[in-house]
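See below for my_file_13.cif, which holds mmCIF, C-alpha atoms.
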data_my_file
#
loop_
_atom_site.label_atom_id
_atom_site.label_comp_id
_atom_site.auth_asym_id
_atom_site.auth_seq_id
_atom_site.Cartn_x
_atom_site.Cartn_y
_atom_site.Cartn_z
CA MET S 711 -31.16 11.66 -16.41
CA ILE S 712 -28.96 10.20 -13.63
CA ALA S 713 -26.57 13.16 -13.73
CA SER S 714 -29.34 15.63 -13.16
CA SER S 715 -30.67 13.78 -10.11
CA TYR S 716 -27.22 13.17 -8.56
CA PRO S 717 -25.35 16.47 -8.14
CA ILE S 718 -21.57 16.69 -8.24
CA LEU S 719 -21.31 17.42 -4.51
CA ASP S 720 -23.16 14.21 -3.71
CA ALA S 721 -20.76 12.28 -5.94
CA PHE S 722 -17.83 13.91 -4.14
CA LEU S 723 -19.30 13.05 -0.73
CA THR S 724 -19.93 9.47 -1.84
CA MET S 725 -16.28 9.10 -2.87
CA LEU S 726 -15.16 10.71 0.39
CA TYR S 727 -17.28 8.29 2.44
CA PHE S 728 -15.95 5.36 0.41
CA PHE S 729 -12.32 6.34 1.01
CA LEU S 730 -12.98 7.00 4.69
CA PHE S 731 -14.49 3.52 4.94
CA ILE S 732 -11.40 2.00 3.27
CA ILE S 733 -9.12 3.93 5.64
CA TRP S 734 -11.20 2.73 8.60
CA ILE S 735 -10.90 -0.91 7.49
CA TRP S 736 -7.13 -0.45 7.05
CA LEU S 737 -6.86 1.08 10.52
CA LEU S 738 -8.77 -1.83 12.07
CA ILE S 739 -6.48 -4.34 10.37
CA MET S 740 -3.37 -2.47 11.54
CA VAL S 741 -4.64 -2.32 15.14
CA PHE S 742 -5.53 -6.02 15.19
CA ALA S 743 -2.15 -6.90 13.68
CA ASP S 744 -0.41 -4.81 16.32
CA ILE S 745 -2.41 -6.42 19.12
CA PHE S 746 -1.35 -9.90 18.08
CA ARG S 747 2.23 -8.88 17.24
CA SER S 748 2.81 -7.28 20.64
CA HIS S 749 4.93 -9.45 22.92
CA ASP S 750 4.57 -7.26 25.98
CA MET S 751 0.87 -8.14 26.45
CA GLY S 752 -0.46 -11.41 27.70
CA GLY S 753 -3.27 -13.39 26.14
CA GLY S 754 -5.90 -11.96 28.46
CA ALA S 755 -4.97 -8.37 27.66
CA LYS S 756 -5.03 -9.14 23.96
CA ALA S 757 -8.46 -10.73 24.29
CA LEU S 758 -9.79 -7.71 26.19
CA TRP S 759 -8.48 -5.30 23.55
CA VAL S 760 -10.03 -7.37 20.75
CA ILE S 761 -13.39 -7.54 22.56
CA PHE S 762 -13.27 -3.80 23.26
CA ILE S 763 -12.55 -3.03 19.62
CA ILE S 764 -15.25 -5.38 18.35
CA VAL S 765 -17.94 -4.17 20.78
CA ILE S 766 -17.20 -0.43 20.51
CA PRO S 767 -15.14 -0.10 17.31
CA PHE S 768 -14.62 3.67 17.04
CA LEU S 769 -13.88 4.26 20.69
CA GLY S 770 -11.83 1.04 20.97
CA VAL S 771 -9.52 1.93 18.09
CA PHE S 772 -9.03 5.50 19.23
CA VAL S 773 -8.32 4.47 22.81
CA TYR S 774 -5.87 1.82 21.55
CA LEU S 775 -4.08 4.40 19.39
CA LEU S 776 -3.85 6.81 22.31
CA ALA S 777 -2.73 4.16 24.81
CA ARG S 778 -0.36 2.13 22.66
CA GLY S 779 0.25 4.21 19.50
CA GLY S 780 3.92 4.92 20.27
CA GLY S 781 4.62 1.25 20.86
CA MET S 782 2.87 0.45 17.60
CA GLN S 783 5.44 2.51 15.69
CA GLU S 784 8.33 0.95 17.61
CA ARG S 785 7.08 -2.56 16.85
CA ASN S 786 6.76 -1.69 13.15
CA VAL S 787 10.34 -0.37 13.07
CA LYS S 788 11.62 -3.46 14.93
CA GLN S 789 9.79 -5.80 12.55
CA ALA S 790 11.22 -3.97 9.52
CA ALA S 791 14.73 -4.17 11.00
CA ASP S 792 14.33 -7.89 11.73
CA GLN S 793 13.12 -8.54 8.18
CA GLN S 794 16.05 -6.57 6.75
CA LYS S 795 18.51 -8.49 8.93
CA ALA S 796 17.01 -11.83 7.88
CA PHE S 797 17.21 -10.79 4.22
CA ASP S 798 20.84 -9.66 4.60
CA ASP S 799 21.76 -12.93 6.33
CA TYR S 800 20.08 -14.90 3.56
CA VAL S 801 21.90 -12.94 0.85
CA ARG S 802 25.24 -13.35 2.66
CA GLN S 803 24.65 -17.08 3.10
CA THR S 804 23.56 -17.60 -0.50
CA ALA S 805 26.37 -15.51 -1.96
CA GLY S 806 28.91 -17.15 0.31
CA THR S 807 28.11 -20.72 -0.76
CA ALA S 808 27.97 -19.87 -4.46
CA GLY S 809 31.56 -18.69 -4.63
CA GLY S 810 33.63 -15.74 -3.57
CA SER S 811 35.62 -15.75 -0.33
CA ASP S 812 34.10 -19.03 0.89
CA ALA S 813 35.31 -20.89 -2.21
CA ALA S 814 38.71 -19.22 -1.95
CA SER S 815 39.11 -20.31 1.68
CA GLN S 816 38.07 -23.87 0.79
CA LEU S 817 40.60 -23.96 -2.06
CA THR S 818 43.30 -22.67 0.29
CA LYS S 819 42.53 -25.41 2.82
CA LEU S 820 42.49 -27.96 0.03
CA ALA S 821 45.91 -26.76 -1.25
CA ASP S 822 47.29 -26.99 2.30
CA LEU S 823 46.04 -30.57 2.59
CA LYS S 824 47.67 -31.42 -0.75
CA SER S 825 50.98 -29.81 0.24
CA GLN S 826 50.96 -31.75 3.53
CA GLY S 827 50.42 -34.97 1.60
CA VAL S 828 47.03 -35.73 3.19
CA ILE S 829 45.30 -35.94 -0.21
CA THR S 830 46.56 -36.99 -3.62
CA ASP S 831 46.65 -34.91 -6.81
CA ALA S 832 43.57 -36.73 -8.16
CA GLU S 833 41.61 -36.10 -4.96
CA PHE S 834 42.73 -32.45 -5.04
CA GLU S 835 41.49 -32.00 -8.62
CA ALA S 836 38.18 -33.75 -7.87
CA GLN S 837 37.51 -31.59 -4.80
CA LYS S 838 38.62 -28.46 -6.64
CA ALA S 839 36.18 -29.19 -9.47
CA LYS S 840 33.41 -29.75 -6.91
CA ILE S 841 34.12 -26.43 -5.16
CA LEU S 842 34.30 -24.46 -8.39
CA ALA S 843 31.16 -26.03 -9.85
#
For the file at hand, write its structure as structure tokens.
Amino acid sequence: MIASSYPILDAFLTMLYFFLFIIWIWLLIMVFADIFRSHDMGGGAKALWVIFIIVIPFLGVFVYLLARGGGMQERNVKQAADQQKAFDDYVRQTAGTAGGSDAASQLTKLADLKSQGVITDAEFEAQKAKILA
């Protein structure tokens, strides 16, 4: 009964409208995120853009994309690069303290201190066990 009163084209259009609505919501979120992420605008300019987008949503978003769309892409690339750099630094720091070249350099310094007579054999073994643990 429902299938006969709701043709296939109407079902297709309903799905199309639903997906267009989801894309619109995503676009609004991306524009708002870019407004607040932008460091080259002051607070007043950000407030005006937000008010413009809230009062006249379609026109506001399209004008924002035309006016600042290129900068939006640059800010996304910069943020991705900053996140990658932070991740790489974290991995280097974590891997460095767990062993590898950092432990080798510490053992070398420790052996130099032992050979100079600054620390005893017992202190050397205790520090060596601590570094290798």
Problem set entry | Selection result of the PyMOL selection byres ((chain S and resi 760) around 12) on this file, as a list in words |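 Checked against the file, the PyMOL selection byres ((chain S and resi 760) around 12) matches Leu738, Ile739, Val741, Phe742, Ala743, Asp744, Ile745, Phe746, Gly753, Gly754, Ala755, Lys756, Ala757, Leu758, Trp759, Ile761, Phe762, Ile763, Ile764, Val765, Ile766, Pro767, Gly770, Val771 and Tyr774 of chain S.
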For this session: Just the residues within 12 Å of S:Ala839, please, counting all atoms listed in the file, with nothing from its chain fewer than 3 positions along; format it as a VMD selection string.
Result: chain S and resid 813 816 to 817 820 832 to 836 842 to 843
For this session: Considering all atoms listed in the file, state which residue in the set S:Ser748, S:Ser825, S:Thr804, S:Ser815 is at the smallest distance from S:Gln789.
Result: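 Nearest candidate to S:Gln789 out of S:Ser748, S:Ser825, S:Thr804, S:Ser815: S:Ser748.
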Problem set entry | Distance in Å - atom CA of S:Leu776 versus atom CA of S:Met740 |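 Separating atom CA of S:Leu776 from atom CA of S:Met740 is a distance of 14.2 Å.
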For this session: Have a look at atom CA of S:Arg785 and atom CA of S:His749 and let me know their distance in Å, one decimal.
Result: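 Distance reported for this atom pair: 9.4 Å.
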For this session: Find the distance between atom CA of S:Lys838 and atom CA of S:Ala821 and write it in Å to one decimal.
Result: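 If I compute the distance from atom CA of S:Lys838 to atom CA of S:Ala821, I get 9.2 Å.
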Any chance you could model all heavy atoms for stretch 790-801 of chain S and send them as a PDB file, in the coordinates of the input?
ATOM      1  N   ALA S 790      10.535  -4.299  10.769  1.00  0.00           N
ATOM      2  CA  ALA S 790      11.220  -3.970   9.520  1.00  0.00           C
ATOM      3  C   ALA S 790      12.723  -4.246   9.640  1.00  0.00           C
ATOM      4  O   ALA S 790      13.343  -4.784   8.714  1.00  0.00           O
ATOM      5  CB  ALA S 790      10.978  -2.516   9.139  1.00  0.00           C
ATOM      6  N   ALA S 791      13.304  -3.913  10.787  1.00  0.00           N
ATOM      7  CA  ALA S 791      14.730  -4.170  11.000  1.00  0.00           C
ATOM      8  C   ALA S 791      15.019  -5.669  11.034  1.00  0.00           C
ATOM      9  O   ALA S 791      16.022  -6.132  10.473  1.00  0.00           O
ATOM     10  CB  ALA S 791      15.202  -3.511  12.291  1.00  0.00           C
ATOM     11  N   ASP S 792      14.146  -6.434  11.685  1.00  0.00           N
ATOM     12  CA  ASP S 792      14.330  -7.890  11.730  1.00  0.00           C
ATOM     13  C   ASP S 792      14.218  -8.509  10.343  1.00  0.00           C
ATOM     14  O   ASP S 792      14.987  -9.407   9.984  1.00  0.00           O
ATOM     15  CB  ASP S 792      13.297  -8.532  12.664  1.00  0.00           C
ATOM     16  CG  ASP S 792      13.546  -8.214  14.126  1.00  0.00           C
ATOM     17  OD1 ASP S 792      14.664  -7.749  14.457  1.00  0.00           O
ATOM     18  OD2 ASP S 792      12.621  -8.424  14.940  1.00  0.00           O
ATOM     19  N   GLN S 793      13.267  -8.027   9.541  1.00  0.00           N
ATOM     20  CA  GLN S 793      13.120  -8.540   8.180  1.00  0.00           C
ATOM     21  C   GLN S 793      14.344  -8.186   7.340  1.00  0.00           C
ATOM     22  O   GLN S 793      14.817  -9.007   6.548  1.00  0.00           O
ATOM     23  CB  GLN S 793      11.860  -7.977   7.530  1.00  0.00           C
ATOM     24  CG  GLN S 793      10.586  -8.586   8.052  1.00  0.00           C
ATOM     25  CD  GLN S 793       9.350  -7.958   7.433  1.00  0.00           C
ATOM     26  OE1 GLN S 793       9.398  -6.885   6.838  1.00  0.00           O
ATOM     27  NE2 GLN S 793       8.231  -8.625   7.586  1.00  0.00           N
ATOM     28  N   GLN S 794      14.861  -6.977   7.502  1.00  0.00           N
ATOM     29  CA  GLN S 794      16.050  -6.570   6.750  1.00  0.00           C
ATOM     30  C   GLN S 794      17.253  -7.405   7.153  1.00  0.00           C
ATOM     31  O   GLN S 794      18.043  -7.834   6.306  1.00  0.00           O
ATOM     32  CB  GLN S 794      16.340  -5.082   6.967  1.00  0.00           C
ATOM     33  CG  GLN S 794      17.508  -4.566   6.161  1.00  0.00           C
ATOM     34  CD  GLN S 794      17.238  -4.597   4.672  1.00  0.00           C
ATOM     35  OE1 GLN S 794      16.144  -4.275   4.245  1.00  0.00           O
ATOM     36  NE2 GLN S 794      18.229  -4.983   3.898  1.00  0.00           N
ATOM     37  N   LYS S 795      17.396  -7.681   8.451  1.00  0.00           N
ATOM     38  CA  LYS S 795      18.510  -8.490   8.930  1.00  0.00           C
ATOM     39  C   LYS S 795      18.408  -9.924   8.397  1.00  0.00           C
ATOM     40  O   LYS S 795      19.399 -10.502   7.963  1.00  0.00           O
ATOM     41  CB  LYS S 795      18.537  -8.517  10.458  1.00  0.00           C
ATOM     42  CG  LYS S 795      19.709  -9.280  11.041  1.00  0.00           C
ATOM     43  CD  LYS S 795      19.647  -9.278  12.562  1.00  0.00           C
ATOM     44  CE  LYS S 795      20.762 -10.053  13.187  1.00  0.00           C
ATOM     45  NZ  LYS S 795      20.806 -11.452  12.820  1.00  0.00           N
ATOM     46  N   ALA S 796      17.197 -10.478   8.402  1.00  0.00           N
ATOM     47  CA  ALA S 796      17.010 -11.830   7.880  1.00  0.00           C
ATOM     48  C   ALA S 796      17.327 -11.874   6.376  1.00  0.00           C
ATOM     49  O   ALA S 796      17.958 -12.823   5.899  1.00  0.00           O
ATOM     50  CB  ALA S 796      15.575 -12.295   8.125  1.00  0.00           C
ATOM     51  N   PHE S 797      16.908 -10.848   5.650  1.00  0.00           N
ATOM     52  CA  PHE S 797      17.210 -10.790   4.220  1.00  0.00           C
ATOM     53  C   PHE S 797      18.713 -10.681   3.984  1.00  0.00           C
ATOM     54  O   PHE S 797      19.265 -11.371   3.120  1.00  0.00           O
ATOM     55  CB  PHE S 797      16.475  -9.619   3.579  1.00  0.00           C
ATOM     56  CG  PHE S 797      16.803  -9.434   2.132  1.00  0.00           C
ATOM     57  CD1 PHE S 797      16.282 -10.294   1.176  1.00  0.00           C
ATOM     58  CD2 PHE S 797      17.645  -8.416   1.717  1.00  0.00           C
ATOM     59  CE1 PHE S 797      16.589 -10.138  -0.162  1.00  0.00           C
ATOM     60  CE2 PHE S 797      17.967  -8.252   0.391  1.00  0.00           C
ATOM     61  CZ  PHE S 797      17.431  -9.120  -0.551  1.00  0.00           C
ATOM     62  N   ASP S 798      19.388  -9.820   4.750  1.00  0.00           N
ATOM     63  CA  ASP S 798      20.840  -9.660   4.600  1.00  0.00           C
ATOM     64  C   ASP S 798      21.571 -10.955   4.924  1.00  0.00           C
ATOM     65  O   ASP S 798      22.516 -11.332   4.218  1.00  0.00           O
ATOM     66  CB  ASP S 798      21.338  -8.535   5.499  1.00  0.00           C
ATOM     67  CG  ASP S 798      20.868  -7.162   5.045  1.00  0.00           C
ATOM     68  OD1 ASP S 798      20.425  -7.042   3.888  1.00  0.00           O
ATOM     69  OD2 ASP S 798      20.944  -6.218   5.862  1.00  0.00           O
ATOM     70  N   ASP S 799      21.143 -11.645   5.983  1.00  0.00           N
ATOM     71  CA  ASP S 799      21.760 -12.930   6.330  1.00  0.00           C
ATOM     72  C   ASP S 799      21.564 -13.951   5.220  1.00  0.00           C
ATOM     73  O   ASP S 799      22.484 -14.700   4.878  1.00  0.00           O
ATOM     74  CB  ASP S 799      21.189 -13.465   7.639  1.00  0.00           C
ATOM     75  CG  ASP S 799      21.619 -12.648   8.841  1.00  0.00           C
ATOM     76  OD1 ASP S 799      22.583 -11.866   8.720  1.00  0.00           O
ATOM     77  OD2 ASP S 799      20.970 -12.790   9.902  1.00  0.00           O
ATOM     78  N   TYR S 800      20.356 -13.966   4.650  1.00  0.00           N
ATOM     79  CA  TYR S 800      20.080 -14.900   3.560  1.00  0.00           C
ATOM     80  C   TYR S 800      20.953 -14.599   2.356  1.00  0.00           C
ATOM     81  O   TYR S 800      21.519 -15.510   1.743  1.00  0.00           O
ATOM     82  CB  TYR S 800      18.600 -14.831   3.167  1.00  0.00           C
ATOM     83  CG  TYR S 800      18.273 -15.617   1.934  1.00  0.00           C
ATOM     84  CD1 TYR S 800      18.193 -17.004   1.972  1.00  0.00           C
ATOM     85  CD2 TYR S 800      18.073 -14.984   0.718  1.00  0.00           C
ATOM     86  CE1 TYR S 800      17.922 -17.729   0.839  1.00  0.00           C
ATOM     87  CE2 TYR S 800      17.797 -15.700  -0.422  1.00  0.00           C
ATOM     88  CZ  TYR S 800      17.720 -17.075  -0.359  1.00  0.00           C
ATOM     89  OH  TYR S 800      17.457 -17.783  -1.492  1.00  0.00           O
ATOM     90  N   VAL S 801      21.075 -13.320   2.014  1.00  0.00           N
ATOM     91  CA  VAL S 801      21.900 -12.940   0.850  1.00  0.00           C
ATOM     92  C   VAL S 801      23.357 -13.303   1.108  1.00  0.00           C
ATOM     93  O   VAL S 801      24.031 -13.848   0.236  1.00  0.00           O
ATOM     94  CB  VAL S 801      21.740 -11.441   0.541  1.00  0.00           C
ATOM     95  CG1 VAL S 801      22.782 -10.973  -0.451  1.00  0.00           C
ATOM     96  CG2 VAL S 801      20.353 -11.164   0.015  1.00  0.00           C
TER      97      VAL S 801
END
